Each structure stands twice: as C-alpha cells, then as structure tokens.
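K.L.:
What follows is data.cif; its format and atoms are mmCIF, N, CA and C atoms.
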data_model
loop_
_atom_site.label_atom_id
_atom_site.label_comp_id
_atom_site.auth_asym_id
_atom_site.auth_seq_id
_atom_site.Cartn_x
_atom_site.Cartn_y
_atom_site.Cartn_z
N MET A 1 35.41 -3.41 36.91
CA MET A 1 35.26 -4.82 36.63
C MET A 1 36.54 -5.32 35.95
N THR A 2 37.12 -6.34 36.49
CA THR A 2 38.35 -6.87 35.93
C THR A 2 38.13 -8.33 35.54
N PHE A 3 38.81 -8.74 34.51
CA PHE A 3 38.77 -10.12 34.05
C PHE A 3 40.05 -10.82 34.45
N PRO A 4 39.96 -12.12 34.74
CA PRO A 4 41.20 -12.82 35.06
C PRO A 4 42.08 -12.93 33.83
N GLY A 5 43.35 -12.90 34.04
CA GLY A 5 44.30 -13.01 32.93
C GLY A 5 44.69 -11.64 32.41
N ARG A 6 45.61 -11.66 31.49
CA ARG A 6 46.10 -10.40 30.94
C ARG A 6 45.25 -9.96 29.76
N ARG A 7 45.31 -8.71 29.47
CA ARG A 7 44.54 -8.15 28.35
C ARG A 7 44.96 -8.77 27.02
N GLN A 8 46.25 -9.04 26.87
CA GLN A 8 46.75 -9.63 25.64
C GLN A 8 46.15 -11.02 25.40
N ASP A 9 45.92 -11.75 26.48
CA ASP A 9 45.32 -13.08 26.34
C ASP A 9 43.91 -12.97 25.78
N TRP A 10 43.14 -12.01 26.26
CA TRP A 10 41.77 -11.82 25.77
C TRP A 10 41.76 -11.34 24.32
N LEU A 11 42.70 -10.47 23.98
CA LEU A 11 42.79 -10.01 22.60
C LEU A 11 43.16 -11.16 21.67
N LEU A 12 44.07 -12.00 22.09
CA LEU A 12 44.47 -13.16 21.28
C LEU A 12 43.31 -14.13 21.11
N LEU A 13 42.55 -14.36 22.17
CA LEU A 13 41.39 -15.23 22.09
C LEU A 13 40.34 -14.64 21.14
N GLY A 14 40.10 -13.35 21.24
CA GLY A 14 39.15 -12.68 20.35
C GLY A 14 39.58 -12.77 18.89
N LEU A 15 40.86 -12.56 18.64
CA LEU A 15 41.40 -12.66 17.29
C LEU A 15 41.25 -14.08 16.75
N ALA A 16 41.50 -15.07 17.58
CA ALA A 16 41.35 -16.46 17.16
C ALA A 16 39.90 -16.78 16.82
N LEU A 17 38.97 -16.26 17.61
CA LEU A 17 37.55 -16.48 17.33
C LEU A 17 37.12 -15.80 16.03
N VAL A 18 37.60 -14.60 15.80
CA VAL A 18 37.28 -13.89 14.55
C VAL A 18 37.85 -14.65 13.36
N LEU A 19 39.07 -15.11 13.44
CA LEU A 19 39.69 -15.86 12.35
C LEU A 19 38.95 -17.17 12.10
N ALA A 20 38.52 -17.84 13.16
CA ALA A 20 37.75 -19.08 12.99
C ALA A 20 36.43 -18.80 12.30
N PHE A 21 35.77 -17.71 12.67
CA PHE A 21 34.51 -17.35 12.03
C PHE A 21 34.72 -17.03 10.55
N VAL A 22 35.76 -16.29 10.23
CA VAL A 22 36.05 -15.95 8.83
C VAL A 22 36.37 -17.20 8.03
N ALA A 23 37.12 -18.12 8.61
CA ALA A 23 37.44 -19.37 7.91
C ALA A 23 36.18 -20.18 7.65
N PHE A 24 35.31 -20.28 8.64
CA PHE A 24 34.05 -21.02 8.46
C PHE A 24 33.18 -20.36 7.41
N ALA A 25 33.05 -19.04 7.46
CA ALA A 25 32.22 -18.31 6.50
C ALA A 25 32.77 -18.47 5.08
N THR A 26 34.09 -18.43 4.93
CA THR A 26 34.70 -18.62 3.62
C THR A 26 34.44 -20.02 3.10
N TYR A 27 34.59 -21.01 3.94
CA TYR A 27 34.31 -22.39 3.54
C TYR A 27 32.85 -22.55 3.13
N TYR A 28 31.95 -22.00 3.91
CA TYR A 28 30.52 -22.14 3.64
C TYR A 28 30.13 -21.46 2.34
N ARG A 29 30.67 -20.28 2.08
CA ARG A 29 30.29 -19.52 0.89
C ARG A 29 30.92 -20.06 -0.39
N THR A 30 32.00 -20.81 -0.30
CA THR A 30 32.68 -21.29 -1.51
C THR A 30 32.41 -22.76 -1.80
N ARG A 31 31.49 -23.37 -1.06
CA ARG A 31 31.16 -24.77 -1.35
C ARG A 31 30.48 -24.88 -2.71
N PRO A 32 30.74 -25.97 -3.44
CA PRO A 32 30.01 -26.18 -4.68
C PRO A 32 28.55 -26.48 -4.38
N THR A 33 27.70 -26.08 -5.28
CA THR A 33 26.27 -26.34 -5.11
C THR A 33 25.79 -27.29 -6.19
N THR A 34 24.63 -27.86 -5.97
CA THR A 34 24.04 -28.79 -6.93
C THR A 34 22.80 -28.14 -7.52
N LEU A 35 22.73 -28.16 -8.84
CA LEU A 35 21.58 -27.62 -9.54
C LEU A 35 20.72 -28.79 -10.00
N THR A 36 19.47 -28.81 -9.57
CA THR A 36 18.52 -29.84 -10.00
C THR A 36 17.51 -29.18 -10.91
N VAL A 37 17.36 -29.77 -12.10
CA VAL A 37 16.47 -29.19 -13.10
C VAL A 37 15.45 -30.24 -13.51
N ALA A 38 14.18 -29.87 -13.54
CA ALA A 38 13.13 -30.76 -14.04
C ALA A 38 12.88 -30.40 -15.49
N VAL A 39 12.97 -31.40 -16.38
CA VAL A 39 12.80 -31.15 -17.81
C VAL A 39 11.77 -32.11 -18.39
N ALA A 40 11.64 -32.06 -19.68
CA ALA A 40 10.67 -32.89 -20.41
C ALA A 40 11.02 -34.38 -20.29
N PRO A 41 10.17 -35.25 -20.83
CA PRO A 41 10.43 -36.69 -20.78
C PRO A 41 11.77 -37.06 -21.42
N ARG A 42 12.24 -38.26 -21.11
CA ARG A 42 13.56 -38.71 -21.55
C ARG A 42 13.75 -38.69 -23.06
N GLY A 43 12.72 -38.90 -23.83
CA GLY A 43 12.88 -38.98 -25.28
C GLY A 43 13.04 -37.63 -25.95
N GLY A 44 12.80 -36.54 -25.26
CA GLY A 44 12.85 -35.21 -25.87
C GLY A 44 14.27 -34.70 -26.03
N SER A 45 14.36 -33.50 -26.58
CA SER A 45 15.69 -32.91 -26.82
C SER A 45 16.22 -32.17 -25.59
N GLU A 46 15.37 -31.82 -24.64
CA GLU A 46 15.80 -31.04 -23.48
C GLU A 46 16.82 -31.76 -22.60
N PRO A 47 16.61 -33.05 -22.28
CA PRO A 47 17.63 -33.72 -21.47
C PRO A 47 19.00 -33.76 -22.14
N ALA A 48 19.02 -33.96 -23.46
CA ALA A 48 20.30 -33.98 -24.18
C ALA A 48 20.96 -32.60 -24.14
N LEU A 49 20.15 -31.56 -24.26
CA LEU A 49 20.68 -30.20 -24.21
C LEU A 49 21.29 -29.91 -22.83
N LEU A 50 20.58 -30.27 -21.77
CA LEU A 50 21.12 -30.05 -20.42
C LEU A 50 22.33 -30.92 -20.14
N GLN A 51 22.35 -32.13 -20.68
CA GLN A 51 23.53 -32.99 -20.49
C GLN A 51 24.74 -32.38 -21.19
N GLY A 52 24.54 -31.84 -22.37
CA GLY A 52 25.63 -31.17 -23.07
C GLY A 52 26.14 -29.97 -22.30
N TYR A 53 25.22 -29.22 -21.71
CA TYR A 53 25.60 -28.07 -20.89
C TYR A 53 26.40 -28.52 -19.66
N ALA A 54 25.95 -29.59 -19.02
CA ALA A 54 26.67 -30.12 -17.85
C ALA A 54 28.05 -30.62 -18.23
N ASP A 55 28.15 -31.29 -19.37
CA ASP A 55 29.46 -31.79 -19.84
C ASP A 55 30.42 -30.63 -20.12
N GLU A 56 29.90 -29.57 -20.71
CA GLU A 56 30.75 -28.41 -21.01
C GLU A 56 31.23 -27.74 -19.73
N LEU A 57 30.35 -27.62 -18.74
CA LEU A 57 30.77 -27.05 -17.46
C LEU A 57 31.84 -27.92 -16.80
N ALA A 58 31.66 -29.23 -16.87
CA ALA A 58 32.63 -30.14 -16.24
C ALA A 58 33.98 -30.07 -16.96
N SER A 59 33.96 -29.99 -18.28
CA SER A 59 35.23 -29.95 -19.01
C SER A 59 35.95 -28.61 -18.83
N ALA A 60 35.18 -27.55 -18.59
CA ALA A 60 35.80 -26.24 -18.37
C ALA A 60 36.37 -26.10 -16.97
N GLY A 61 36.01 -27.04 -16.08
CA GLY A 61 36.52 -26.99 -14.71
C GLY A 61 35.86 -25.93 -13.87
N SER A 62 34.64 -25.57 -14.22
CA SER A 62 33.95 -24.51 -13.48
C SER A 62 33.60 -24.91 -12.07
N TRP A 63 33.38 -26.16 -11.80
CA TRP A 63 32.89 -26.60 -10.49
C TRP A 63 33.82 -27.57 -9.83
N SER A 64 35.09 -27.44 -10.03
CA SER A 64 36.02 -28.37 -9.39
C SER A 64 36.50 -27.85 -8.07
#
Please rewrite the model in this file as structure tokens.
P.N.:
Amino acid sequence: MTFPGRRQDWLLLGLALVLAFVAFATYYRTRPTTLTVAVAPRGGSEPALLQGYADELASAGSWS
C-alpha cells in the first residue's frame, strides 16, 4: 500500500498535527478559572473575608 506524495511530506504533516495538539492542550490547561463561592448573607463577616482573600490574590498577581 502506497500513499501519494513523499514520506517526508507525511512526516511533516504528522509533526504539524502533533504540535497543534500540544499547543491547544497547553492553552486549554493554562487558562484562568473562575471560583464561585456561596457564603452567608451580605451583612456577615464571610463576604468581607472572601473579598480580602480575592484582593490579596489579585495584588499578588496569581491569576494574571
């Protein structure tokens, strides 16, 4: 069984497909995520605590 074209062409195409897959997988795995947390009513201390935590993460540059 023979394929049209040269063997090098098929190897180059295969390499390009593998590199495209690796690039897509890297992009997908390194995307920032969103954390949604359900807490107590607005008047309690929990929302302020979580807001402080979010502010600290943002200032540290953890999710940029």
K.L.:
How many Å lie between atom C of Ala40 in chain A and CA of Gly52 in chain A, rounded to one decimal?
P.N.:
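Going from atom C of Ala40 in chain A over to CA of Gly52 in chain A covers 15.2 Å.
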K.L.:
One number please: CA of Thr34 in chain A to CA of Leu57 in chain A, in Å, one decimal.
P.N.:
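For CA of Thr34 in chain A relative to CA of Leu57 in chain A, the distance reads 12.6 Å.
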K.L.:
To one decimal place in Å, what is the distance between CA of Thr30 in chain A and CA of Leu13 in chain A?
P.N.:
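Taking CA of Thr30 in chain A as the start and CA of Leu13 in chain A as the end point, the length is 25.9 Å.
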K.L.:
Please return as a PDB file with N, CA and C atoms, in the frame of the given file: the residues of chain A that backbone DSSP assigns to helix (DSSP H, G or I).
P.N.:
ATOM      1  N   ARG A   7      45.310  -8.710  29.470  1.00  0.00           N
ATOM      2  CA  ARG A   7      44.540  -8.150  28.350  1.00  0.00           C
ATOM      3  C   ARG A   7      44.960  -8.770  27.020  1.00  0.00           C
ATOM      4  N   GLN A   8      46.250  -9.040  26.870  1.00  0.00           N
ATOM      5  CA  GLN A   8      46.750  -9.630  25.640  1.00  0.00           C
ATOM      6  C   GLN A   8      46.150 -11.020  25.400  1.00  0.00           C
ATOM      7  N   ASP A   9      45.920 -11.750  26.480  1.00  0.00           N
ATOM      8  CA  ASP A   9      45.320 -13.080  26.340  1.00  0.00           C
ATOM      9  C   ASP A   9      43.910 -12.970  25.780  1.00  0.00           C
ATOM     10  N   TRP A  10      43.140 -12.010  26.260  1.00  0.00           N
ATOM     11  CA  TRP A  10      41.770 -11.820  25.770  1.00  0.00           C
ATOM     12  C   TRP A  10      41.760 -11.340  24.320  1.00  0.00           C
ATOM     13  N   LEU A  11      42.700 -10.470  23.980  1.00  0.00           N
ATOM     14  CA  LEU A  11      42.790 -10.010  22.600  1.00  0.00           C
ATOM     15  C   LEU A  11      43.160 -11.160  21.670  1.00  0.00           C
ATOM     16  N   LEU A  12      44.070 -12.000  22.090  1.00  0.00           N
ATOM     17  CA  LEU A  12      44.470 -13.160  21.280  1.00  0.00           C
ATOM     18  C   LEU A  12      43.310 -14.130  21.110  1.00  0.00           C
ATOM     19  N   LEU A  13      42.550 -14.360  22.170  1.00  0.00           N
ATOM     20  CA  LEU A  13      41.390 -15.230  22.090  1.00  0.00           C
ATOM     21  C   LEU A  13      40.340 -14.640  21.140  1.00  0.00           C
ATOM     22  N   GLY A  14      40.100 -13.350  21.240  1.00  0.00           N
ATOM     23  CA  GLY A  14      39.150 -12.680  20.350  1.00  0.00           C
ATOM     24  C   GLY A  14      39.580 -12.770  18.890  1.00  0.00           C
ATOM     25  N   LEU A  15      40.860 -12.560  18.640  1.00  0.00           N
ATOM     26  CA  LEU A  15      41.400 -12.660  17.290  1.00  0.00           C
ATOM     27  C   LEU A  15      41.250 -14.080  16.750  1.00  0.00           C
ATOM     28  N   ALA A  16      41.500 -15.070  17.580  1.00  0.00           N
ATOM     29  CA  ALA A  16      41.350 -16.460  17.160  1.00  0.00           C
ATOM     30  C   ALA A  16      39.900 -16.780  16.820  1.00  0.00           C
ATOM     31  N   LEU A  17      38.970 -16.260  17.610  1.00  0.00           N
ATOM     32  CA  LEU A  17      37.550 -16.480  17.330  1.00  0.00           C
ATOM     33  C   LEU A  17      37.120 -15.800  16.030  1.00  0.00           C
ATOM     34  N   VAL A  18      37.600 -14.600  15.800  1.00  0.00           N
ATOM     35  CA  VAL A  18      37.280 -13.890  14.550  1.00  0.00           C
ATOM     36  C   VAL A  18      37.850 -14.650  13.360  1.00  0.00           C
ATOM     37  N   LEU A  19      39.070 -15.110  13.440  1.00  0.00           N
ATOM     38  CA  LEU A  19      39.690 -15.860  12.350  1.00  0.00           C
ATOM     39  C   LEU A  19      38.950 -17.170  12.100  1.00  0.00           C
ATOM     40  N   ALA A  20      38.520 -17.840  13.160  1.00  0.00           N
ATOM     41  CA  ALA A  20      37.750 -19.080  12.990  1.00  0.00           C
ATOM     42  C   ALA A  20      36.430 -18.800  12.300  1.00  0.00           C
ATOM     43  N   PHE A  21      35.770 -17.710  12.670  1.00  0.00           N
ATOM     44  CA  PHE A  21      34.510 -17.350  12.030  1.00  0.00           C
ATOM     45  C   PHE A  21      34.720 -17.030  10.550  1.00  0.00           C
ATOM     46  N   VAL A  22      35.760 -16.290  10.230  1.00  0.00           N
ATOM     47  CA  VAL A  22      36.050 -15.950   8.830  1.00  0.00           C
ATOM     48  C   VAL A  22      36.370 -17.200   8.030  1.00  0.00           C
ATOM     49  N   ALA A  23      37.120 -18.120   8.610  1.00  0.00           N
ATOM     50  CA  ALA A  23      37.440 -19.370   7.910  1.00  0.00           C
ATOM     51  C   ALA A  23      36.180 -20.180   7.650  1.00  0.00           C
ATOM     52  N   PHE A  24      35.310 -20.280   8.640  1.00  0.00           N
ATOM     53  CA  PHE A  24      34.050 -21.020   8.460  1.00  0.00           C
ATOM     54  C   PHE A  24      33.180 -20.360   7.410  1.00  0.00           C
ATOM     55  N   ALA A  25      33.050 -19.040   7.460  1.00  0.00           N
ATOM     56  CA  ALA A  25      32.220 -18.310   6.500  1.00  0.00           C
ATOM     57  C   ALA A  25      32.770 -18.470   5.080  1.00  0.00           C
ATOM     58  N   THR A  26      34.090 -18.430   4.930  1.00  0.00           N
ATOM     59  CA  THR A  26      34.700 -18.620   3.620  1.00  0.00           C
ATOM     60  C   THR A  26      34.440 -20.020   3.100  1.00  0.00           C
ATOM     61  N   TYR A  27      34.590 -21.010   3.940  1.00  0.00           N
ATOM     62  CA  TYR A  27      34.310 -22.390   3.540  1.00  0.00           C
ATOM     63  C   TYR A  27      32.850 -22.550   3.130  1.00  0.00           C
ATOM     64  N   TYR A  28      31.950 -22.000   3.910  1.00  0.00           N
ATOM     65  CA  TYR A  28      30.520 -22.140   3.640  1.00  0.00           C
ATOM     66  C   TYR A  28      30.130 -21.460   2.340  1.00  0.00           C
ATOM     67  N   ARG A  29      30.670 -20.280   2.080  1.00  0.00           N
ATOM     68  CA  ARG A  29      30.290 -19.520   0.890  1.00  0.00           C
ATOM     69  C   ARG A  29      30.920 -20.060  -0.390  1.00  0.00           C
ATOM     70  N   GLU A  46      15.370 -31.820 -24.640  1.00  0.00           N
ATOM     71  CA  GLU A  46      15.800 -31.040 -23.480  1.00  0.00           C
ATOM     72  C   GLU A  46      16.820 -31.760 -22.600  1.00  0.00           C
ATOM     73  N   PRO A  47      16.610 -33.050 -22.280  1.00  0.00           N
ATOM     74  CA  PRO A  47      17.630 -33.720 -21.470  1.00  0.00           C
ATOM     75  C   PRO A  47      19.000 -33.760 -22.140  1.00  0.00           C
ATOM     76  N   ALA A  48      19.020 -33.960 -23.460  1.00  0.00           N
ATOM     77  CA  ALA A  48      20.300 -33.980 -24.180  1.00  0.00           C
ATOM     78  C   ALA A  48      20.960 -32.600 -24.140  1.00  0.00           C
ATOM     79  N   LEU A  49      20.150 -31.560 -24.260  1.00  0.00           N
ATOM     80  CA  LEU A  49      20.680 -30.200 -24.210  1.00  0.00           C
ATOM     81  C   LEU A  49      21.290 -29.910 -22.830  1.00  0.00           C
ATOM     82  N   LEU A  50      20.580 -30.270 -21.770  1.00  0.00           N
ATOM     83  CA  LEU A  50      21.120 -30.050 -20.420  1.00  0.00           C
ATOM     84  C   LEU A  50      22.330 -30.920 -20.140  1.00  0.00           C
ATOM     85  N   GLN A  51      22.350 -32.130 -20.680  1.00  0.00           N
ATOM     86  CA  GLN A  51      23.530 -32.990 -20.490  1.00  0.00           C
ATOM     87  C   GLN A  51      24.740 -32.380 -21.190  1.00  0.00           C
ATOM     88  N   GLY A  52      24.540 -31.840 -22.370  1.00  0.00           N
ATOM     89  CA  GLY A  52      25.630 -31.170 -23.070  1.00  0.00           C
ATOM     90  C   GLY A  52      26.140 -29.970 -22.300  1.00  0.00           C
ATOM     91  N   TYR A  53      25.220 -29.220 -21.710  1.00  0.00           N
ATOM     92  CA  TYR A  53      25.600 -28.070 -20.890  1.00  0.00           C
ATOM     93  C   TYR A  53      26.400 -28.520 -19.660  1.00  0.00           C
ATOM     94  N   ALA A  54      25.950 -29.590 -19.020  1.00  0.00           N
ATOM     95  CA  ALA A  54      26.670 -30.120 -17.850  1.00  0.00           C
ATOM     96  C   ALA A  54      28.050 -30.620 -18.230  1.00  0.00           C
ATOM     97  N   ASP A  55      28.150 -31.290 -19.370  1.00  0.00           N
ATOM     98  CA  ASP A  55      29.460 -31.790 -19.840  1.00  0.00           C
ATOM     99  C   ASP A  55      30.420 -30.630 -20.120  1.00  0.00           C
ATOM    100  N   GLU A  56      29.900 -29.570 -20.710  1.00  0.00           N
ATOM    101  CA  GLU A  56      30.750 -28.410 -21.010  1.00  0.00           C
ATOM    102  C   GLU A  56      31.230 -27.740 -19.730  1.00  0.00           C
ATOM    103  N   LEU A  57      30.350 -27.620 -18.740  1.00  0.00           N
ATOM    104  CA  LEU A  57      30.770 -27.050 -17.460  1.00  0.00           C
ATOM    105  C   LEU A  57      31.840 -27.920 -16.800  1.00  0.00           C
ATOM    106  N   ALA A  58      31.660 -29.230 -16.870  1.00  0.00           N
ATOM    107  CA  ALA A  58      32.630 -30.140 -16.240  1.00  0.00           C
ATOM    108  C   ALA A  58      33.980 -30.070 -16.960  1.00  0.00           C
ATOM    109  N   SER A  59      33.960 -29.990 -18.280  1.00  0.00           N
ATOM    110  CA  SER A  59      35.230 -29.950 -19.010  1.00  0.00           C
ATOM    111  C   SER A  59      35.950 -28.610 -18.830  1.00  0.00           C
ATOM    112  N   ALA A  60      35.180 -27.550 -18.590  1.00  0.00           N
ATOM    113  CA  ALA A  60      35.800 -26.240 -18.370  1.00  0.00           C
ATOM    114  C   ALA A  60      36.370 -26.100 -16.970  1.00  0.00           C
TER     115      ALA A  60
END
K.L.:
Around all the atoms of range 31-46 of chain A listed in the file, with 3 Å of room on each side, what axis-aligned box do you get, giving centre and edge lengths in Å to one decimal, as AutoDock Vina command-line options?
P.N.:
--center_x 20.8 --center_y -31.2 --center_z -13.9 --size_x 27.3 --size_y 21.6 --size_z 31.8
K.L.:
Hey, what's within 10 Å of Leu50 in chain A if we count only C-alpha atoms and toss same-chain stuff fewer than 5 positions away? As JSON, numbers by chain, please?
P.N.:
{"A": [37, 39, 45, 55, 56]}
